[in-house]
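Reproduced below: start07.txt, with compact mmCIF, C-alpha atoms.
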```txt
# COMPACT_ATOMS: atom_id res chain seq x y z
CA THR C 1 -12.25 -4.96 84.94
CA ASP C 2 -14.52 -1.96 85.21
CA ALA C 3 -13.91 -0.95 81.58
CA ALA C 4 -14.79 -4.45 80.32
CA ARG C 5 -17.98 -4.46 82.40
CA LYS C 6 -19.01 -1.10 80.95
CA ARG C 7 -18.30 -2.32 77.41
CA ALA C 8 -20.43 -5.41 78.04
CA GLU C 9 -23.25 -3.25 79.41
CA ARG C 10 -23.13 -0.94 76.37
CA ARG C 11 -23.22 -3.92 74.04
CA ALA C 12 -26.16 -5.43 75.92
CA GLU C 13 -28.01 -2.12 75.55
CA ARG C 14 -27.37 -2.13 71.79
CA VAL C 15 -28.53 -5.74 71.53
CA THR C 16 -31.68 -4.88 73.48
CA ALA C 17 -32.41 -2.00 71.11
CA GLY C 18 -31.89 -4.36 68.16
CA VAL C 19 -34.17 -6.99 69.71
CA ARG C 20 -36.92 -4.41 70.21
CA GLU C 21 -36.58 -3.27 66.60
CA LEU C 22 -36.71 -6.88 65.41
CA GLU C 23 -39.83 -7.51 67.48
CA GLN C 24 -41.46 -4.49 65.83
CA ARG C 25 -40.55 -5.80 62.38
CA LEU C 26 -41.91 -9.25 63.18
CA SER C 27 -45.10 -7.68 64.48
CA ASP C 28 -45.46 -5.57 61.31
CA LEU C 29 -44.82 -8.66 59.20
CA LEU C 30 -47.50 -10.71 60.91
CA ARG C 31 -49.95 -7.81 60.86
CA GLY C 32 -49.41 -7.32 57.13
CA GLY C 33 -49.51 -11.04 56.37
CA LEU C 34 -46.75 -13.39 55.31
CA ALA C 35 -47.65 -12.88 51.65
CA THR C 36 -46.07 -9.43 51.85
CA THR C 37 -42.67 -11.07 52.27
CA GLU C 38 -42.98 -12.59 48.79
CA ARG C 39 -43.38 -9.12 47.30
CA ALA C 40 -40.65 -7.54 49.42
CA GLY C 41 -38.15 -10.28 48.52
CA TYR C 42 -34.80 -10.99 50.13
CA GLY C 43 -33.94 -7.29 50.47
CA LEU C 44 -36.31 -6.91 53.42
CA TRP C 45 -34.47 -9.61 55.35
CA GLU C 46 -31.01 -8.43 54.36
CA GLU C 47 -31.81 -4.93 55.59
CA THR C 48 -33.12 -6.31 58.88
CA ALA C 49 -30.05 -8.55 59.24
CA ALA C 50 -27.80 -5.53 58.68
CA ARG C 51 -29.64 -3.71 61.47
CA MET C 52 -28.96 -6.67 63.79
CA VAL C 53 -25.26 -6.54 62.89
CA ASP C 54 -25.33 -2.83 63.76
CA ALA C 55 -26.88 -3.83 67.09
CA GLN C 56 -23.94 -6.22 67.66
CA ALA C 57 -26.23 -9.26 67.58
CA PRO C 58 -24.71 -11.46 64.85
CA GLY C 59 -26.67 -14.51 65.98
CA LEU C 60 -29.93 -12.68 65.35
CA ALA C 61 -28.60 -11.46 62.01
CA ALA C 62 -27.90 -15.04 60.92
CA ARG C 63 -31.40 -16.17 61.90
CA VAL C 64 -32.95 -13.26 60.01
CA ARG C 65 -30.97 -14.19 56.90
CA GLU C 66 -32.35 -17.72 57.23
CA LEU C 67 -35.85 -16.22 57.12
CA GLY C 68 -34.92 -14.60 53.82
CA ALA C 69 -33.84 -17.96 52.43
CA ILE C 70 -37.21 -19.49 53.36
CA THR C 71 -39.20 -16.80 51.54
CA GLY C 72 -40.31 -18.12 48.17
CA SER C 73 -38.82 -21.57 48.86
CA GLY C 74 -41.90 -23.47 47.72
CA PRO C 75 -45.28 -24.70 48.92
CA GLY C 76 -44.19 -25.27 52.53
CA GLY C 77 -42.44 -21.91 52.75
CA PRO C 78 -45.15 -19.92 54.58
CA VAL C 79 -45.50 -22.56 57.31
CA ARG C 80 -41.73 -22.76 57.82
CA LEU C 81 -41.51 -18.97 57.80
CA LEU C 82 -44.17 -18.73 60.50
CA GLU C 83 -42.40 -21.37 62.60
CA GLU C 84 -39.05 -19.57 62.31
CA CYS C 85 -40.65 -16.21 63.13
CA GLY C 86 -42.10 -17.85 66.24
CA LEU C 87 -38.69 -19.18 67.28
CA LEU C 88 -37.12 -15.78 66.67
CA HIS C 89 -39.83 -14.14 68.79
CA LEU C 90 -39.13 -16.68 71.54
CA LEU C 91 -35.42 -15.81 71.44
CA ASP C 92 -36.20 -12.08 71.53
CA THR C 93 -38.49 -12.56 74.51
CA ALA C 94 -35.88 -14.66 76.30
CA TRP C 95 -33.25 -11.94 75.77
CA LEU C 96 -35.54 -9.25 77.16
CA GLY C 97 -36.23 -11.39 80.24
CA ARG C 98 -32.78 -12.96 80.60
CA GLU C 99 -32.29 -11.74 84.19
CA ARG C 100 -35.16 -14.01 85.27
CA LEU C 101 -33.85 -17.12 83.49
CA PRO C 102 -31.79 -19.90 85.10
CA GLU C 103 -28.12 -19.29 84.31
CA PRO C 104 -27.65 -22.21 81.86
CA LEU C 105 -30.63 -21.02 79.83
CA ALA C 106 -29.50 -17.38 80.01
CA ALA C 107 -26.08 -18.49 78.72
CA THR C 108 -27.77 -20.26 75.81
CA VAL C 109 -29.75 -17.12 75.00
CA ARG C 110 -26.59 -14.98 75.04
CA THR C 111 -24.89 -17.43 72.70
CA ARG C 112 -27.86 -17.61 70.31
CA VAL C 113 -28.03 -13.83 70.13
CA GLY C 114 -24.35 -13.82 69.22
CA LEU C 115 -22.51 -12.66 72.31
CA PRO C 116 -19.08 -14.21 72.67
CA ALA C 117 -18.65 -16.96 75.24
CA SER C 118 -15.64 -18.83 76.55
CA ALA C 119 -15.37 -22.57 77.02
CA GLU C 120 -15.46 -22.97 80.78
CA GLY C 121 -16.92 -26.35 81.69
CA PRO C 122 -14.79 -29.17 83.08
CA PRO C 123 -12.74 -30.81 80.30
CA VAL C 124 -13.97 -34.18 79.07
CA ARG C 125 -11.28 -36.60 77.91
CA ASP C 126 -12.46 -39.27 75.52
CA HIS C 127 -11.74 -40.98 72.23
CA TRP C 128 -13.68 -38.71 69.90
CA SER C 129 -14.85 -39.99 66.52
CA VAL C 130 -14.99 -37.33 63.82
CA LEU C 131 -18.49 -37.72 62.38
CA ALA C 132 -18.73 -34.80 59.97
CA GLN C 133 -17.07 -31.59 58.90
CA TYR C 134 -18.65 -28.95 56.73
CA ASP C 135 -18.13 -25.31 55.88
CA THR C 136 -20.87 -22.74 55.40
CA PRO C 137 -20.54 -19.12 54.33
CA ASP C 138 -21.58 -16.73 57.10
CA GLY C 139 -21.59 -13.30 55.54
CA ARG C 140 -18.00 -12.60 54.47
CA ILE C 141 -16.47 -15.32 56.64
CA VAL C 142 -16.64 -19.11 56.53
CA ALA C 143 -17.93 -21.09 59.50
CA ARG C 144 -16.61 -24.64 59.92
CA ARG C 145 -18.55 -27.16 61.98
CA ILE C 146 -16.89 -30.39 63.06
CA TRP C 147 -19.12 -32.94 64.80
CA LEU C 148 -17.57 -35.42 67.23
CA HIS C 149 -18.89 -38.29 69.32
CA GLY C 150 -17.23 -39.62 72.48
CA ARG C 151 -16.72 -43.38 72.67
CA ASP C 152 -16.95 -43.57 76.47
CA SER C 153 -18.90 -40.44 77.41
CA HIS C 154 -21.45 -40.96 74.60
CA ARG C 155 -21.47 -37.19 74.21
CA THR C 156 -21.86 -35.39 70.92
CA ALA C 157 -19.80 -32.24 70.53
CA LEU C 158 -19.50 -29.44 68.01
CA LEU C 159 -16.24 -27.67 67.24
CA LEU C 160 -16.99 -24.33 65.60
CA SER C 161 -14.30 -22.24 63.94
CA PHE C 162 -14.20 -19.37 61.48
CA GLY C 163 -12.02 -18.40 58.56
CA ALA C 164 -11.25 -14.95 57.23
CA PRO C 165 -12.62 -14.01 53.79
CA GLY C 166 -11.02 -16.20 51.14
CA ARG C 167 -9.39 -18.53 53.67
CA PRO C 168 -10.78 -21.69 55.24
CA PRO C 169 -10.73 -22.06 59.03
CA ALA C 170 -7.48 -23.47 60.40
CA GLN C 171 -9.06 -26.24 62.47
CA ALA C 172 -9.61 -29.42 60.46
CA LEU C 173 -10.08 -33.06 61.46
CA PRO C 174 -10.45 -35.84 58.86
CA VAL C 175 -13.90 -37.43 58.93
CA GLY C 176 -13.77 -41.06 60.01
CA THR C 177 -10.75 -40.68 62.28
CA ALA C 178 -10.70 -40.74 66.08
CA ILE C 179 -8.69 -38.59 68.46
CA ASP C 180 -7.83 -39.04 72.12
CA ALA C 181 -8.40 -35.53 73.39
CA GLU C 182 -9.93 -33.24 75.98
CA LEU C 183 -12.91 -31.09 75.02
CA THR C 184 -14.05 -28.17 77.14
CA PRO C 185 -17.76 -27.37 76.78
CA TYR C 186 -19.16 -23.89 76.36
CA PRO C 187 -21.79 -22.68 78.84
CA GLY C 188 -25.49 -23.10 78.14
CA GLY C 189 -28.32 -25.51 78.62
CA GLY C 190 -27.97 -28.47 76.27
CA GLN C 191 -24.92 -26.83 74.74
CA LEU C 192 -23.05 -29.08 72.32
CA ARG C 193 -20.34 -26.62 71.36
CA ALA C 194 -16.92 -27.32 72.82
CA GLU C 195 -13.32 -26.28 72.44
CA LEU C 196 -10.61 -28.75 71.50
CA GLY C 197 -7.95 -28.95 74.18
CA GLU C 198 -4.97 -31.20 74.68
CA GLN C 199 -4.61 -34.18 72.37
CA PHE C 200 -2.92 -37.36 73.56
CA GLY C 201 -1.04 -40.07 71.72
```
This structure in structure tokens:
Amino acid sequence: TDAARKRAERRAERVTAGVRELEQRLSDLLRGGLATTERAGYGLWEETAARMVDAQAPGLAARVRELGAITGSGPGGPVRLLEECGLLHLLDTAWLGRERLPEPLAATVRTRVGLPASAEGPPVRDHWSVLAQYDTPDGRIVARRIWLHGRDSHRTALLLSFGAPGRPPAQALPVGTAIDAELTPYPGGGQLRAELGEQFG
């Protein structure tokens, strides 16, 4: 609808403003030297992450928080911090030039920035082995990642779900079991995330 399109455009504008602000902060950081992050501590990153949440870019906020976790993490910290800053800059640049990207890559960029996406690929039915399941706090919510591997398709898939504060996500599959089910992939180049569909048997 027209209203939905306008909402999406407004959100994209906010994300773009957030990306430009993040680029400025990364530039200031590199100009001042990575040693300044040690003195500034985690607060610098938390403030920047909050600004990305305000810009409706939760994916960027999560990556910025990861930068904060690297700061002061030991002897290899500065190298890892520089690498992650480089990857974040690459994502920012991709967002700003997303109209010129091939659609699968543009979809990946939108997902990484944190825009919602719907599973829309053709469903893949297989016997899926449940390889791993783990929960990680993501701000006030809990993110659950369940990794699957298809016996016949040889595809690896990620089921991602979220739980409200104080409650685990509803989706759970016991590790070591196998399910006969359809998975529908999300858009994006090399995208592993999928949505669990119909289960058989």
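Distances here use only C-alpha atoms; by that measure, the residue among C:Leu82, C:Val113, C:Val64, C:Leu160 closest to Tyr186 (chain C) is C:Leu160.
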Within 7 Å of (-7.1, -33.5, 72.1), only C-alpha atoms: residues as a PyMOL selection string? chain C and resi 179-183+196-200
Close residues, Glu46 (chain C) itself excluded, 9 Å, only C-alpha atoms, min 5 positions apart in chain, as a list in words: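 The neighbour list is Arg51, Ala61, Val64, Arg65 and Gly68 of chain C.
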Which one of C:Thr136, C:Thr71, C:Thr16, C:Thr1 sits closest to Gly97 (chain C) if you count only C-alpha atoms?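 When distances to Gly97 (chain C) are compared using only C-alpha atoms, the smallest one comes from C:Thr16.
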Could you work out an axis-aligned box for region 175-194 of chain C, taking every atom the file lists and adding 5 Å on each side, and report centre and edge lengths in Å to one decimal, as JSON?
```
{"center_x": -18.1, "center_y": -31.9, "center_z": 68.9, "size_x": 30.5, "size_y": 28.4, "size_z": 29.9}
```
Let me make sure I understand: among C:Glu195, C:Asp2, C:Glu23, C:Glu9, which one has the smallest atom-to-atom distance to Leu96 (chain C) if we use all atoms listed in the file? C:Glu23
What separation in Å, quoted to one decimal, exists between CA of Leu44 (chain C) and CA of Leu67 (chain C)? 10.0 Å
Which polymer residues, protein or nucleic acid, are no farther than 9 Å from (-12.0, -21.2, 53.3), counting only C-alpha atoms, as a ChimeraX atom specification? /C:135,137,141-144,162-170
Quick one: residues within 9 Å of Leu81 (chain C), only C-alpha atoms counted, chain neighbours fewer than 2 positions away excluded, as a ChimeraX atom specification? /C:34,67-68,70-71,76-79,83-86
Show which residues sit within 9 Å of Arg110 (chain C), as a VMD selection string. Count only C-alpha atoms, and ignore same-chain residues fewer than 5 positions away. chain C and resid 95 98 105 115 to 117 188
Could you save the residues just selected, with C-alpha atoms, as a compact mmCIF listing (two decimals), keeping the file's coordinate frame?
```txt
# COMPACT_ATOMS: atom_id res chain seq x y z
CA TRP C 95 -33.25 -11.94 75.77
CA ARG C 98 -32.78 -12.96 80.60
CA LEU C 105 -30.63 -21.02 79.83
CA LEU C 115 -22.51 -12.66 72.31
CA PRO C 116 -19.08 -14.21 72.67
CA ALA C 117 -18.65 -16.96 75.24
CA GLY C 188 -25.49 -23.10 78.14
```
Find the distance between CA of Gln56 (chain C) and CA of Val15 (chain C) and write it in Å to one decimal.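 If I compute the distance from CA of Gln56 (chain C) to CA of Val15 (chain C), I get 6.0 Å.
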Which is closer to Leu91 (chain C) than all the others in C:Pro187, C:Pro75, C:Leu22, C:Asp126, using only C-alpha atoms?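 Using only C-alpha atoms, the shortest distance to Leu91 (chain C) belongs to C:Leu22.
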As an exercise, work out the distance from CA of Gln133 (chain C) to CA of Arg155 (chain C) in Å and give it to one decimal place. 16.9 Å
Pick out the residues sitting within 12 Å of Asp54 (chain C), and hand them over as a list of chain:residue names; count all atoms listed in the file, and ignore anything fewer than 6 positions along from it in its own chain. C:Arg11, C:Arg14, C:Val15, C:Thr16, C:Ala17, C:Gly18, C:Val19, C:Glu21, C:Glu47, C:Thr48, C:Leu60, C:Ala61
May I ask which of the residues C:His154, C:Arg125, C:Arg100, C:Arg20 is the closest one to Ala55 (chain C), counting all atoms listed in the file?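 The closest residue to Ala55 (chain C) is C:Arg20.
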Missing atoms in region 16-30 of chain C need filling: write out N, CA and C atoms for it as an mmCIF file, in the frame of the given file.
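Now in part11.cif:
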```cif
data_model
loop_
_atom_site.group_PDB
_atom_site.id
_atom_site.type_symbol
_atom_site.label_atom_id
_atom_site.label_comp_id
_atom_site.auth_asym_id
_atom_site.auth_seq_id
_atom_site.Cartn_x
_atom_site.Cartn_y
_atom_site.Cartn_z
ATOM 1 N N THR C 16 -30.289 -5.060 73.058
ATOM 2 C CA THR C 16 -31.680 -4.880 73.480
ATOM 3 C C THR C 16 -32.426 -3.967 72.513
ATOM 4 N N ALA C 17 -31.777 -2.892 72.083
ATOM 5 C CA ALA C 17 -32.410 -2.000 71.110
ATOM 6 C C ALA C 17 -32.669 -2.744 69.801
ATOM 7 N N GLY C 18 -31.715 -3.572 69.381
ATOM 8 C CA GLY C 18 -31.890 -4.360 68.160
ATOM 9 C C GLY C 18 -33.020 -5.367 68.302
ATOM 10 N N VAL C 19 -33.104 -6.005 69.462
ATOM 11 C CA VAL C 19 -34.170 -6.990 69.710
ATOM 12 C C VAL C 19 -35.536 -6.305 69.653
ATOM 13 N N ARG C 20 -35.630 -5.120 70.232
ATOM 14 C CA ARG C 20 -36.920 -4.410 70.210
ATOM 15 C C ARG C 20 -37.305 -4.023 68.773
ATOM 16 N N GLU C 21 -36.307 -3.606 68.000
ATOM 17 C CA GLU C 21 -36.580 -3.270 66.600
ATOM 18 C C GLU C 21 -37.019 -4.522 65.833
ATOM 19 N N LEU C 22 -36.348 -5.636 66.087
ATOM 20 C CA LEU C 22 -36.710 -6.880 65.410
ATOM 21 C C LEU C 22 -38.122 -7.315 65.787
ATOM 22 N N GLU C 23 -38.472 -7.168 67.049
ATOM 23 C CA GLU C 23 -39.830 -7.510 67.480
ATOM 24 C C GLU C 23 -40.863 -6.655 66.745
ATOM 25 N N GLN C 24 -40.549 -5.376 66.553
ATOM 26 C CA GLN C 24 -41.460 -4.490 65.830
ATOM 27 C C GLN C 24 -41.607 -4.951 64.380
ATOM 28 N N ARG C 25 -40.498 -5.342 63.777
ATOM 29 C CA ARG C 25 -40.550 -5.800 62.380
ATOM 30 C C ARG C 25 -41.333 -7.103 62.255
ATOM 31 N N LEU C 26 -41.140 -8.005 63.208
ATOM 32 C CA LEU C 26 -41.910 -9.250 63.180
ATOM 33 C C LEU C 26 -43.397 -8.970 63.356
ATOM 34 N N SER C 27 -43.707 -8.046 64.247
ATOM 35 C CA SER C 27 -45.100 -7.680 64.480
ATOM 36 C C SER C 27 -45.716 -7.072 63.216
ATOM 37 N N ASP C 28 -44.975 -6.179 62.559
ATOM 38 C CA ASP C 28 -45.460 -5.570 61.310
ATOM 39 C C ASP C 28 -45.669 -6.637 60.238
ATOM 40 N N LEU C 29 -44.735 -7.590 60.191
ATOM 41 C CA LEU C 29 -44.820 -8.660 59.200
ATOM 42 C C LEU C 29 -46.083 -9.488 59.400
ATOM 43 N N LEU C 30 -46.335 -9.877 60.638
ATOM 44 C CA LEU C 30 -47.500 -10.710 60.910
ATOM 45 C C LEU C 30 -48.803 -9.925 60.731
#
```
